[in-house]
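**Student:** This is the content of start-v6.txt (compact mmCIF, C-alpha atoms):
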# COMPACT_ATOMS: atom_id res chain seq x y z
CA MET A 16 0.00 0.00 0.00
CA SER A 17 1.38 3.41 -0.93
CA ASP A 18 2.32 5.89 1.78
CA GLU A 19 -0.28 8.30 0.62
CA GLN A 20 -3.03 5.73 1.27
CA HIS A 21 -1.48 4.88 4.63
CA SER A 22 -1.66 8.44 5.84
CA GLY A 23 -5.36 8.47 6.64
CA ASN A 24 -7.83 6.06 8.21
CA TRP A 25 -10.54 6.40 5.58
CA TRP A 26 -9.65 3.10 3.86
CA ILE A 27 -10.18 1.23 7.16
CA TRP A 28 -13.64 2.73 7.63
CA LYS A 29 -14.49 2.09 3.98
CA VAL A 30 -13.87 -1.64 4.48
CA PHE A 31 -15.78 -1.52 7.77
CA TRP A 32 -18.87 -0.15 6.04
CA ILE A 33 -18.58 -2.73 3.25
CA LEU A 34 -18.35 -5.60 5.77
CA LEU A 35 -21.19 -4.20 7.85
CA GLY A 36 -23.36 -3.65 4.76
CA LEU A 37 -22.77 -7.19 3.46
CA THR A 38 -23.50 -8.72 6.88
CA THR A 39 -26.70 -6.69 7.29
CA PHE A 40 -27.77 -7.76 3.81
CA GLU A 41 -27.11 -11.43 4.68
CA VAL A 42 -29.05 -11.21 7.93
CA ALA A 43 -31.95 -9.47 6.18
CA LEU A 44 -32.03 -12.19 3.49
CA GLY A 45 -31.85 -14.88 6.20
CA MET A 46 -34.83 -13.33 8.01
CA ILE A 47 -37.00 -12.57 4.98
CA LYS A 48 -36.10 -15.68 2.96
CA PRO A 49 -37.57 -14.53 -0.38
CA ASP A 50 -39.61 -17.36 -1.88
CA PHE A 51 -37.97 -17.44 -5.31
CA LEU A 52 -34.48 -17.71 -3.73
CA VAL A 53 -35.55 -20.50 -1.37
CA ASN A 54 -37.45 -22.47 -4.00
CA THR A 55 -34.98 -22.17 -6.87
CA GLN A 56 -32.53 -25.04 -6.78
CA PHE A 57 -29.10 -24.63 -8.33
CA LEU A 58 -26.20 -27.10 -8.06
CA GLU A 59 -28.03 -29.25 -5.50
CA THR A 60 -28.86 -26.41 -3.10
CA LYS A 61 -31.01 -23.31 -2.74
CA LEU A 62 -30.09 -20.21 -4.72
CA LEU A 63 -30.18 -18.35 -1.39
CA ASN A 64 -27.29 -20.45 -0.09
CA HIS A 65 -25.20 -19.61 -3.15
CA ILE A 66 -25.78 -15.92 -2.47
CA PHE A 67 -24.67 -16.40 1.16
CA ILE A 68 -21.51 -18.21 0.06
CA VAL A 69 -20.56 -15.59 -2.54
CA LEU A 70 -21.12 -12.74 -0.04
CA THR A 71 -19.05 -14.62 2.55
CA LEU A 72 -16.17 -15.02 0.11
CA ILE A 73 -16.29 -11.29 -0.71
CA LYS A 74 -16.14 -10.48 3.03
CA ALA A 75 -13.27 -12.93 3.49
CA GLY A 76 -11.45 -11.28 0.58
CA TYR A 77 -11.71 -7.81 2.16
CA ILE A 78 -10.51 -9.09 5.55
CA VAL A 79 -7.52 -10.97 4.14
CA LEU A 80 -6.44 -8.50 1.45
CA VAL A 81 -7.00 -5.21 3.30
CA PHE A 82 -7.19 -5.82 7.06
CA MET A 83 -4.47 -8.48 7.00
CA HIS A 84 -2.63 -6.38 4.42
CA LEU A 85 -1.96 -9.39 2.18
CA GLY A 86 -3.04 -7.51 -0.94
CA PHE A 87 -0.12 -5.13 -0.47
CA GLU A 88 2.57 -7.70 0.39
CA GLU A 89 5.15 -9.03 -2.09
CA LYS A 90 3.44 -11.04 -4.83
CA SER A 91 5.45 -14.19 -4.03
CA LEU A 92 4.40 -14.06 -0.36
CA LYS A 93 0.76 -13.46 -1.29
CA TRP A 94 0.58 -16.54 -3.51
CA THR A 95 2.62 -18.73 -1.14
CA ILE A 96 -0.14 -18.15 1.41
CA LEU A 97 -3.17 -18.24 -0.88
CA ILE A 98 -2.37 -21.15 -3.22
CA PRO A 99 -2.36 -23.94 -0.59
CA ALA A 100 -5.77 -22.78 0.62
CA PHE A 101 -7.13 -22.39 -2.92
CA ILE A 102 -6.09 -25.94 -3.82
CA LEU A 103 -6.65 -27.87 -0.59
CA VAL A 104 -9.91 -26.35 0.66
CA PRO A 105 -11.98 -26.90 -2.53
CA TYR A 106 -10.47 -30.37 -2.83
CA LEU A 107 -11.45 -31.24 0.74
CA LEU A 108 -14.94 -29.79 0.21
CA PHE A 109 -15.41 -31.71 -2.99
CA ILE A 110 -14.48 -35.16 -1.68
CA ILE A 111 -16.11 -34.84 1.75
CA LEU A 112 -19.39 -33.35 0.55
CA THR A 113 -19.66 -35.86 -2.31
CA GLU A 114 -19.17 -38.58 0.26
CA GLY A 115 -21.80 -37.00 2.53
CA ALA A 116 -24.35 -36.93 -0.28
CA TYR A 117 -23.53 -40.57 -1.03
CA ALA A 118 -23.89 -41.54 2.64
CA TYR A 119 -27.35 -39.93 2.57
CA LEU A 120 -28.38 -42.03 -0.42
CA MET A 121 -27.13 -45.20 1.28
CA MET A 122 -29.00 -44.62 4.57
CA MET B 1 46.76 -28.05 -6.80
CA ALA B 2 44.65 -29.63 -4.05
CA ASP B 3 45.80 -26.90 -1.73
CA SER B 4 44.66 -24.16 -4.00
CA LEU B 5 41.25 -25.79 -4.46
CA ILE B 6 40.67 -25.86 -0.74
CA GLN B 7 41.95 -22.36 -0.53
CA ASN B 8 39.44 -21.27 -3.13
CA ASP B 9 36.56 -22.87 -1.25
CA MET B 10 37.60 -21.19 1.95
CA ASN B 11 37.61 -17.84 0.24
CA ALA B 12 34.29 -18.29 -1.55
CA PRO B 13 31.78 -15.91 -0.01
CA ALA B 14 29.45 -17.79 2.31
CA TRP B 15 25.78 -16.84 2.15
CA LYS B 16 25.26 -14.50 5.04
CA GLY B 17 21.55 -13.87 4.62
CA GLY B 18 20.42 -10.39 3.80
CA ASP B 19 18.37 -11.33 0.78
CA VAL B 20 14.70 -11.16 1.77
CA PRO B 21 12.61 -12.51 -1.11
CA TYR B 22 9.26 -12.10 0.66
CA LYS B 23 10.18 -8.68 2.07
CA ALA B 24 8.55 -9.69 5.35
CA SER B 25 10.16 -10.23 8.74
CA TYR B 26 10.70 -13.68 10.24
CA GLY B 27 7.96 -13.17 12.83
CA LYS B 28 5.33 -12.06 10.34
CA LEU B 29 6.20 -14.93 8.00
CA MET B 30 5.84 -17.50 10.77
CA MET B 31 2.52 -16.01 11.85
CA TRP B 32 1.30 -16.39 8.26
CA PHE B 33 2.49 -20.00 8.09
CA PHE B 34 0.68 -20.75 11.34
CA LEU B 35 -2.46 -19.13 9.95
CA ILE B 36 -2.30 -21.34 6.82
CA THR B 37 -2.30 -24.46 9.03
CA ASP B 38 -5.11 -23.03 11.14
CA THR B 39 -7.12 -22.27 7.99
CA LEU B 40 -6.87 -25.92 7.01
CA THR B 41 -7.89 -27.04 10.52
CA PHE B 42 -11.04 -24.94 10.47
CA SER B 43 -11.79 -26.00 6.88
CA ALA B 44 -11.66 -29.60 8.06
CA PHE B 45 -14.08 -28.87 10.93
CA LEU B 46 -16.55 -27.07 8.69
CA THR B 47 -16.40 -29.69 5.92
CA GLY B 48 -16.91 -32.33 8.62
CA TYR B 49 -20.04 -30.44 9.62
CA GLY B 50 -21.02 -30.37 5.94
CA PHE B 51 -20.61 -34.14 5.70
CA SER B 52 -22.98 -34.83 8.60
CA ARG B 53 -25.43 -32.23 7.42
CA PHE B 54 -25.52 -33.78 3.93
CA LYS B 55 -25.82 -37.27 5.37
CA TYR B 56 -28.66 -36.39 7.78
CA GLN B 57 -30.26 -33.69 5.60
CA ASP B 58 -33.84 -34.90 6.26
CA ILE B 59 -33.55 -34.73 10.03
CA TRP B 60 -30.93 -32.01 10.60
CA PRO B 61 -32.26 -29.22 12.87
CA LEU B 62 -32.61 -25.83 11.16
CA PRO B 63 -30.32 -23.31 12.89
CA GLU B 64 -33.02 -20.64 12.64
CA ASP B 65 -35.27 -22.84 14.82
CA VAL B 66 -32.50 -23.36 17.37
CA PHE B 67 -30.92 -19.95 17.90
CA THR B 68 -33.96 -17.74 18.22
CA HIS B 69 -33.38 -15.82 21.43
CA PHE B 70 -32.12 -12.40 22.30
CA PRO B 71 -31.34 -11.27 25.87
CA PHE B 72 -34.22 -9.38 27.53
CA LEU B 73 -36.49 -9.82 24.49
CA HIS B 74 -39.40 -12.22 24.32
CA GLY B 75 -40.46 -14.18 21.29
CA ASP B 76 -38.55 -15.46 18.31
CA HIS B 77 -35.67 -13.44 16.91
CA PRO B 78 -33.70 -15.82 14.71
CA LEU B 79 -30.27 -14.54 13.60
CA LEU B 80 -30.50 -11.30 15.56
CA PHE B 81 -28.11 -12.31 18.33
CA VAL B 82 -25.48 -13.87 16.03
CA ALA B 83 -25.73 -10.77 13.85
CA LEU B 84 -24.82 -8.73 16.92
CA MET B 85 -21.91 -11.08 17.69
CA THR B 86 -20.68 -10.74 14.10
CA PHE B 87 -20.92 -6.98 14.35
CA THR B 88 -18.91 -7.04 17.62
CA LEU B 89 -16.12 -9.03 15.99
CA ILE B 90 -15.99 -6.92 12.81
CA MET B 91 -15.89 -3.79 14.97
CA SER B 92 -13.00 -5.18 17.02
CA SER B 93 -11.19 -6.00 13.77
CA VAL B 94 -11.53 -2.36 12.74
CA THR B 95 -10.16 -1.08 16.05
CA MET B 96 -7.27 -3.53 15.60
CA VAL B 97 -6.36 -2.14 12.15
CA LEU B 98 -6.50 1.36 13.63
CA ALA B 99 -4.09 0.29 16.40
CA VAL B 100 -1.70 -1.19 13.79
CA ASN B 101 -1.98 1.96 11.69
CA TYR B 102 -1.11 4.26 14.62
CA GLY B 103 1.71 1.86 15.48
CA HIS B 104 3.25 2.57 12.07
CA LYS B 105 3.11 6.26 12.93
CA MET B 106 4.65 5.60 16.39
CA GLN B 107 1.73 7.28 18.18
CA LYS B 108 1.85 5.41 21.48
CA ASN B 109 -1.29 6.87 23.08
CA LYS B 110 -3.48 6.19 20.06
CA VAL B 111 -2.19 2.61 19.97
CA ILE B 112 -3.10 2.19 23.65
CA LEU B 113 -6.61 3.58 23.01
CA TRP B 114 -7.43 1.35 20.03
CA LEU B 115 -5.83 -1.76 21.54
CA SER B 116 -7.96 -1.32 24.66
CA LEU B 117 -11.11 -1.01 22.56
CA THR B 118 -10.13 -4.18 20.67
CA ILE B 119 -9.80 -6.04 23.98
CA ILE B 120 -13.23 -4.80 25.07
CA GLY B 121 -14.68 -6.04 21.75
CA GLY B 122 -13.07 -9.46 22.27
CA ILE B 123 -14.44 -9.75 25.79
CA ALA B 124 -17.89 -8.66 24.59
CA PHE B 125 -17.81 -11.38 21.95
CA LEU B 126 -16.77 -14.05 24.46
CA SER B 127 -19.55 -13.00 26.85
CA SER B 128 -22.12 -13.22 24.05
CA GLN B 129 -20.87 -16.67 23.20
CA ALA B 130 -21.13 -17.74 26.84
CA TRP B 131 -24.73 -16.51 26.88
CA GLU B 132 -25.53 -18.43 23.72
CA TRP B 133 -23.91 -21.62 24.98
CA GLY B 134 -25.84 -21.28 28.24
CA HIS B 135 -29.08 -20.90 26.36
CA PHE B 136 -28.37 -23.83 24.05
CA ILE B 137 -27.39 -26.11 26.97
CA HIS B 138 -30.54 -25.15 28.88
CA GLY B 139 -32.81 -25.62 25.86
CA ASP B 140 -36.25 -24.21 25.08
CA SER B 141 -39.22 -26.55 25.03
CA GLY B 142 -37.83 -30.01 25.67
CA ALA B 143 -38.35 -33.01 23.40
CA VAL B 144 -39.30 -36.66 23.52
CA LYS B 145 -36.63 -39.25 22.81
CA LEU B 146 -37.85 -42.44 21.17
CA LYS B 147 -36.58 -45.96 21.78
CA ASN B 148 -34.66 -45.80 18.48
CA ALA B 149 -32.94 -42.57 19.65
CA GLU B 150 -34.94 -40.27 17.35
CA VAL B 151 -35.95 -36.90 18.79
CA ILE B 152 -39.51 -35.62 18.32
CA HIS B 153 -41.39 -32.53 19.52
CA VAL B 154 -44.79 -31.77 20.98
CA VAL B 155 -46.71 -29.34 18.75
CA LYS B 156 -49.84 -27.25 18.92
CA GLU B 157 -51.15 -26.12 15.52
CA GLU B 158 -47.83 -27.15 13.90
CA LYS B 159 -45.82 -24.89 16.28
CA ILE B 160 -43.51 -26.44 18.88
CA PHE B 161 -45.24 -26.53 22.26
CA SER B 162 -43.18 -26.41 25.44
CA ILE B 163 -43.10 -29.58 27.54
CA TYR B 164 -42.48 -27.36 30.59
CA GLU B 165 -45.83 -25.73 29.93
CA LEU B 166 -47.53 -29.09 29.51
CA MET B 167 -46.08 -30.28 32.84
CA HIS B 168 -46.90 -26.93 34.52
CA ALA B 169 -43.23 -26.45 35.44
CA ASP B 170 -41.06 -23.33 35.44
CA SER B 171 -38.30 -23.88 32.87
CA HIS B 172 -35.90 -21.72 34.88
CA ALA B 173 -36.50 -23.35 38.26
CA GLU B 174 -33.23 -24.72 39.65
CA GLU B 175 -34.62 -27.88 41.20
CA HIS B 176 -36.22 -29.83 38.34
CA HIS B 177 -34.25 -32.80 37.10
CA GLY B 178 -36.37 -33.83 34.19
CA PHE B 179 -39.84 -35.26 33.80
CA ASP B 180 -41.17 -38.75 34.17
CA ILE B 181 -42.24 -40.22 30.81
CA THR B 182 -45.41 -41.90 32.17
CA GLU B 183 -46.56 -38.69 33.79
CA PHE B 184 -45.82 -36.87 30.52
CA LYS B 185 -47.91 -39.37 28.53
CA GLU B 186 -50.88 -38.94 30.91
CA ARG B 187 -50.78 -35.15 30.59
CA PHE B 188 -50.34 -35.38 26.80
CA ASN B 189 -53.28 -37.76 26.42
CA SER B 190 -55.61 -35.36 28.21
CA GLU B 191 -54.67 -32.33 26.04
CA GLU B 192 -56.76 -32.87 22.92
CA ASP B 193 -55.24 -30.07 20.82
CA LEU B 194 -51.64 -31.34 21.01
CA GLY B 195 -49.92 -33.32 18.29
CA ILE B 196 -46.32 -34.30 17.57
CA LYS B 197 -43.72 -33.44 14.98
CA LEU B 198 -41.76 -36.50 13.89
CA TYR B 199 -38.03 -36.72 13.19
CA ASP B 200 -38.53 -36.28 9.45
CA LYS B 201 -40.51 -33.05 10.18
CA THR B 202 -43.97 -34.51 9.41
CA PHE B 203 -46.88 -34.02 11.84
CA LEU B 204 -49.24 -36.44 13.63
CA ASP B 205 -52.60 -35.36 15.06
CA HIS B 206 -53.63 -36.10 18.64
CA ASN B 207 -55.06 -39.60 18.32
CA ALA B 208 -52.26 -40.91 16.13
CA ALA B 209 -49.73 -39.18 18.42
CA VAL B 210 -51.08 -40.85 21.57
CA GLU B 211 -50.70 -44.26 19.99
CA TYR B 212 -47.25 -43.41 18.55
CA LEU B 213 -45.94 -42.12 21.88
CA ASP B 214 -47.32 -45.08 23.77
CA LYS B 215 -45.43 -47.45 21.49
CA ASN B 216 -42.15 -45.55 20.96
CA ALA B 217 -41.46 -42.87 23.59
CA SER B 218 -38.60 -43.60 25.96
CA GLU B 219 -37.66 -40.40 27.83
CA ILE B 220 -37.94 -36.61 27.98
CA LEU B 221 -34.90 -34.61 26.82
CA LEU B 222 -34.28 -31.15 28.25
CA GLY B 223 -31.55 -29.02 26.68
CA ALA B 224 -28.47 -30.10 24.79
CA ASN B 225 -25.03 -31.47 25.54
CA LEU B 226 -22.54 -33.84 23.92
CA LYS B 227 -24.76 -36.89 24.58
CA TYR B 228 -28.17 -35.67 23.50
CA ASN B 229 -29.81 -32.64 21.93
CA GLU B 230 -33.45 -31.65 22.34
CA TYR B 231 -33.38 -29.78 19.00
CA GLY B 232 -32.63 -32.89 16.96
CA HIS B 233 -29.61 -34.93 15.96
CA VAL B 234 -26.94 -35.11 18.65
CA LEU B 235 -24.19 -34.44 16.08
CA PHE B 236 -25.62 -30.94 15.64
CA ALA B 237 -24.84 -30.20 19.29
CA ASP B 238 -21.44 -31.90 19.06
CA TYR B 239 -20.38 -29.79 16.07
CA PHE B 240 -21.81 -26.67 17.65
CA PHE B 241 -19.81 -27.08 20.84
CA PHE B 242 -16.69 -28.21 19.01
CA ILE B 243 -16.52 -25.57 16.26
CA THR B 244 -17.75 -22.52 18.18
CA GLY B 245 -15.76 -23.74 21.18
CA PHE B 246 -12.54 -24.00 19.18
CA HIS B 247 -13.20 -20.59 17.66
CA GLY B 248 -14.01 -19.16 21.09
CA PHE B 249 -10.73 -20.57 22.38
CA HIS B 250 -8.96 -18.70 19.56
CA VAL B 251 -10.73 -15.49 20.58
CA PHE B 252 -9.74 -16.12 24.20
CA SER B 253 -6.04 -16.62 23.30
CA GLY B 254 -6.29 -13.52 21.10
CA VAL B 255 -7.54 -11.46 24.05
CA ILE B 256 -4.63 -12.73 26.19
CA LEU B 257 -2.11 -11.78 23.45
CA LEU B 258 -3.75 -8.36 23.11
CA ILE B 259 -3.50 -7.77 26.87
CA ILE B 260 0.22 -8.69 26.78
CA ILE B 261 1.00 -6.30 23.92
CA LEU B 262 -1.11 -3.58 25.56
CA ILE B 263 1.02 -3.88 28.71
CA ASN B 264 4.20 -3.77 26.58
CA THR B 265 2.93 -0.70 24.73
CA ILE B 266 2.14 1.09 28.00
CA LYS B 267 5.59 0.19 29.34
CA GLY B 268 7.12 1.65 26.17
CA THR B 269 8.80 -1.59 25.01
CA TYR B 270 7.93 -1.00 21.34
CA GLU B 271 8.78 2.69 21.56
CA ARG B 272 12.31 1.70 22.67
CA ARG B 273 12.50 -1.07 20.06
CA GLY B 274 11.83 1.55 17.41
CA HIS B 275 8.88 -0.23 15.78
CA TYR B 276 5.45 -1.60 16.58
CA GLU B 277 5.69 -4.78 14.51
CA MET B 278 4.44 -6.95 17.39
CA ILE B 279 1.06 -5.18 17.15
CA GLU B 280 0.99 -6.10 13.46
CA LYS B 281 1.68 -9.79 14.16
CA VAL B 282 -0.98 -10.08 16.86
CA GLY B 283 -3.24 -8.09 14.53
CA LEU B 284 -2.84 -10.77 11.84
CA TYR B 285 -3.99 -13.39 14.35
CA TRP B 286 -6.92 -11.24 15.48
CA HIS B 287 -8.16 -10.68 11.92
CA PHE B 288 -7.88 -14.39 11.29
CA VAL B 289 -10.23 -15.02 14.21
CA ASP B 290 -12.69 -12.60 12.60
CA LEU B 291 -12.20 -14.36 9.24
CA VAL B 292 -13.05 -17.76 10.73
CA TRP B 293 -16.16 -16.31 12.36
CA VAL B 294 -17.36 -15.00 8.98
CA PHE B 295 -17.35 -18.60 7.74
CA VAL B 296 -18.83 -20.08 10.94
CA PHE B 297 -21.60 -17.46 10.77
CA THR B 298 -22.48 -18.45 7.21
CA PHE B 299 -22.21 -22.22 7.50
CA PHE B 300 -23.59 -22.68 10.99
CA TYR B 301 -26.27 -20.02 11.19
CA LEU B 302 -27.27 -18.84 7.72
CA VAL B 303 -27.12 -21.75 5.30
In structure tokens, write the structure found in this file.

**Tutor:**
Amino acid sequence: MSDEQHSGNWWIWKVFWILLGLTTFEVALGMIKPDFLVNTQFLETKLLNHIFIVLTLIKAGYIVLVFMHLGFEEKSLKWTILIPAFILVPYLLFIILTEGAYAYLMM
Amino acid sequence: MADSLIQNDMNAPAWKGGDVPYKASYGKLMMWFFLITDTLTFSAFLTGYGFSRFKYQDIWPLPEDVFTHFPFLHGDHPLLFVALMTFTLIMSSVTMVLAVNYGHKMQKNKVILWLSLTIIGGIAFLSSQAWEWGHFIHGDSGAVKLKNAEVIHVVKEEKIFSIYELMHADSHAEEHHGFDITEFKERFNSEEDLGIKLYDKTFLDHNAAVEYLDKNASEILLGANLKYNEYGHVLFADYFFFITGFHGFHVFSGVILLIIILINTIKGTYERRGHYEMIEKVGLYWHFVDLVWVFVFTFFYLV
């Protein structure tokens, strides 16, 4: 991050408002549960759940890249940290959840 | 010849460090490596939760039916309390970045102010979690456990009806140690408007319910712990205690670390050292705790 951006605090509060806004939006959706989002199925689950997951990933991105400053670190460091997670977590999710769905069918 | 070779080796410049490819200090790098391992640990916990939820998808309790209470408010307020907890943690993340930022500028008093507020946020979060655990352990309406270990609920007009109310007992009285199943059946049989909600979330009306309970009911469950769970499958309670407990333990260790660096800041240790990098390293850990909560919030409470 450049020194000029570091000088103020506005970028911290900007991220705060984004995180707060996204969380409020999620909670509102969770309380209202709009019918078309609950009843539309996409990739084996409700459309609403996909929206929650995408919003969560956006929030996670802001926390890691701005609050944890990873977006402004050396490129090599950034990818050393992110690549293991990007490979291992989806892999784990894929095999375990597939197995869970199979276990359900076999009950 | 051999002599000169050895001589050459001796004179070759040894690597003395100094090249820093990641342009990050040792401490920060190690904190990041620790956080990668911790990321994978929490991913494993949450995917484990996903496995059980997929496997028992027909009978898994809905989080919005479980966490519906808010201190000092009556009625159902699903999500409201966790939303508040999430807000607390995001807020404490912000105060942490502010502390780090003033550390860069070597403004000791501002660092002390924002670190203290971060600690208060952490303690507020832990207290909220204690309240929620207490509520979950105590339970709401009680449930009936069947001989095959399924958990079913008493309902009135398709809404869960409290067993405490049926037994004319105060749910917050200290002395009750559960209800007798025969006594429960007698009371149930005489209340014509009560039915039951089965494990697969279908309903039985009064007459069918009386017969069903007579054949299958084994005991009354009150509250939740690692052995049983009045809200449904026991694994739900196990994962809840394990995942939020492990996260809460991270928050607790974070608060301890924050208190240590606050004391050091007040004593002027970092001022003398010439930099506030320790605040940055603890800050990384603190944001990670917030990051994990973002995922727990989504996968335990929202989805």

**Student:** Could you pull the residues within 12 Å of Ile243 of chain B, counting all atoms listed in the file, minus those fewer than 3 positions along the same chain, as number ranges by chain?

**Tutor:** B: 41-49, 235-240, 246-250, 292-293, 295-297, 299-300

**Student:** Would you give me, as a tab-separated table, each residue of chain A having an atom within 6 Å of an atom of chain B, along with its shortest atom pair and that distance in Å to one decimal, using only C-alpha atoms and sorting by chain and residue number?

**Tutor:**
residue	atom	partner	partner_atom	distance
A:Asn64	CA	B:Val303	CA	5.5
A:Met83	CA	B:Leu284	CA	5.6
A:Glu89	CA	B:Tyr22	CA	5.8
A:Leu92	CA	B:Tyr22	CA	5.3
A:Leu108	CA	B:Thr47	CA	5.9
A:Leu112	CA	B:Phe51	CA	5.4
A:Gly115	CA	B:Phe51	CA	4.4
A:Ala116	CA	B:Phe54	CA	5.4
A:Ala118	CA	B:Lys55	CA	5.4
A:Tyr119	CA	B:Lys55	CA	4.2

**Student:** Work out how far apart atom CA of Thr68 of chain B and atom CA of Pro49 of chain A are and give it in Å to one decimal.

**Tutor:** 19.2 Å

**Student:** From the options A:Ile96, A:Ile66, A:Ile110, A:Leu37, which residue's atoms come nearest to Val79 of chain A, counting only C-alpha atoms?

**Tutor:**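 Ranked by minimum distance to Val79 of chain A, first place goes to A:Ile96.
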
**Student:** Atom CA of Tyr276 of chain B and atom CA of His84 of chain A are how many Å apart?

**Tutor:**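 Value for the atom CA of Tyr276 of chain B-atom CA of His84 of chain A distance: 15.4 Å.
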
**Student:** Work out how far apart atom CA of Phe184 of chain B and atom CA of Leu226 of chain B are and give it in Å to one decimal.

**Tutor:** 24.4 Å

**Student:** For segment 258-274 of chain B, list every protein, DNA or RNA residue within 10 Å, evaluated using all atoms listed in the file, and leave out those in the same chain fewer than 6 positions away; present the list as a PyMOL selection string.

**Tutor:** chain B and resi 96+103+106-109+111-116+118-119+122+252+282-283+286

**Student:** Which residue gives the smallest distance to Ser92 of chain B among A:Phe31, A:Thr39, A:Leu70, A:Leu58, with only C-alpha atoms counted?

**Tutor:**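 Closest residue, counting only C-alpha atoms: A:Phe31.
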
**Student:** In terms of the shortest atom-to-atom distance over only C-alpha atoms, which of B:Lys197, B:Lys156, B:His135, B:Lys215 is closest to Lys185 of chain B?

**Tutor:**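 Closest residue, counting only C-alpha atoms: B:Lys215.
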
**Student:** Taking all listed atoms of segment 257-263 of chain B, build the axis-aligned box, pad each of the six sides by 6 Å, then write its centre and edge lengths in Å to one decimal as AutoDock Vina command-line options.

**Tutor:**
--center_x -1.4 --center_y -7.7 --center_z 25.9 --size_x 16.8 --size_y 20.2 --size_z 17.6

**Student:** With only C-alpha atoms as the atoms that count, which of B:Thr88, B:Ser171, B:Ser218, B:Ser253 lies nearest to Ile152 of chain B?

**Tutor:** B:Ser218

**Student:** Here is a test: counting only C-alpha atoms, which residue of B:Ala130, B:Leu84, B:Leu117, B:Ala169 is nearest to Ala99 of chain B?

**Tutor:**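 So, comparing all the options, the nearest one is B:Leu117.
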
**Student:** Can you tell me, as JSON, numbers by chain, which residues sit within 8 Å of (-34.7, -33.5, 24.8) in the file's frame, using all atoms listed in the file?

**Tutor:** {"B": [142, 143, 144, 145, 151, 220, 221, 222, 223, 224, 228, 229, 230, 231]}

**Student:** Is there a way to get, as number ranges by chain, all residues within 12 Å of the point (-27.2, -13.8, -2.7) in file coordinates, counting all atoms listed in the file?

**Tutor:** A: 37-38, 40-45, 48-49, 51-53, 61-73; B: 298, 302-303

**Student:** Just to be explicit: take each residue in the selection above, keep C-alpha atoms, and write the result as a short mmCIF file (atom, residue, chain, number, x, y, z; two decimals), in the frame of the given file.

**Tutor:**
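What ended up in part09.cif:
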data_model
loop_
_atom_site.label_atom_id
_atom_site.label_comp_id
_atom_site.auth_asym_id
_atom_site.auth_seq_id
_atom_site.Cartn_x
_atom_site.Cartn_y
_atom_site.Cartn_z
CA LEU A 37 -22.77 -7.19 3.46
CA THR A 38 -23.50 -8.72 6.88
CA PHE A 40 -27.77 -7.76 3.81
CA GLU A 41 -27.11 -11.43 4.68
CA VAL A 42 -29.05 -11.21 7.93
CA ALA A 43 -31.95 -9.47 6.18
CA LEU A 44 -32.03 -12.19 3.49
CA GLY A 45 -31.85 -14.88 6.20
CA LYS A 48 -36.10 -15.68 2.96
CA PRO A 49 -37.57 -14.53 -0.38
CA PHE A 51 -37.97 -17.44 -5.31
CA LEU A 52 -34.48 -17.71 -3.73
CA VAL A 53 -35.55 -20.50 -1.37
CA LYS A 61 -31.01 -23.31 -2.74
CA LEU A 62 -30.09 -20.21 -4.72
CA LEU A 63 -30.18 -18.35 -1.39
CA ASN A 64 -27.29 -20.45 -0.09
CA HIS A 65 -25.20 -19.61 -3.15
CA ILE A 66 -25.78 -15.92 -2.47
CA PHE A 67 -24.67 -16.40 1.16
CA ILE A 68 -21.51 -18.21 0.06
CA VAL A 69 -20.56 -15.59 -2.54
CA LEU A 70 -21.12 -12.74 -0.04
CA THR A 71 -19.05 -14.62 2.55
CA LEU A 72 -16.17 -15.02 0.11
CA ILE A 73 -16.29 -11.29 -0.71
CA THR B 298 -22.48 -18.45 7.21
CA LEU B 302 -27.27 -18.84 7.72
CA VAL B 303 -27.12 -21.75 5.30
#

**Student:** Of the candidates A:Leu34, A:Ile27, A:Met46, A:Met121, which shows the shortest atom-to-atom distance to Ala75 of chain A, using all atoms listed in the file?

**Tutor:**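 Looking at the shortest contact to Ala75 of chain A, the residue is A:Leu34.
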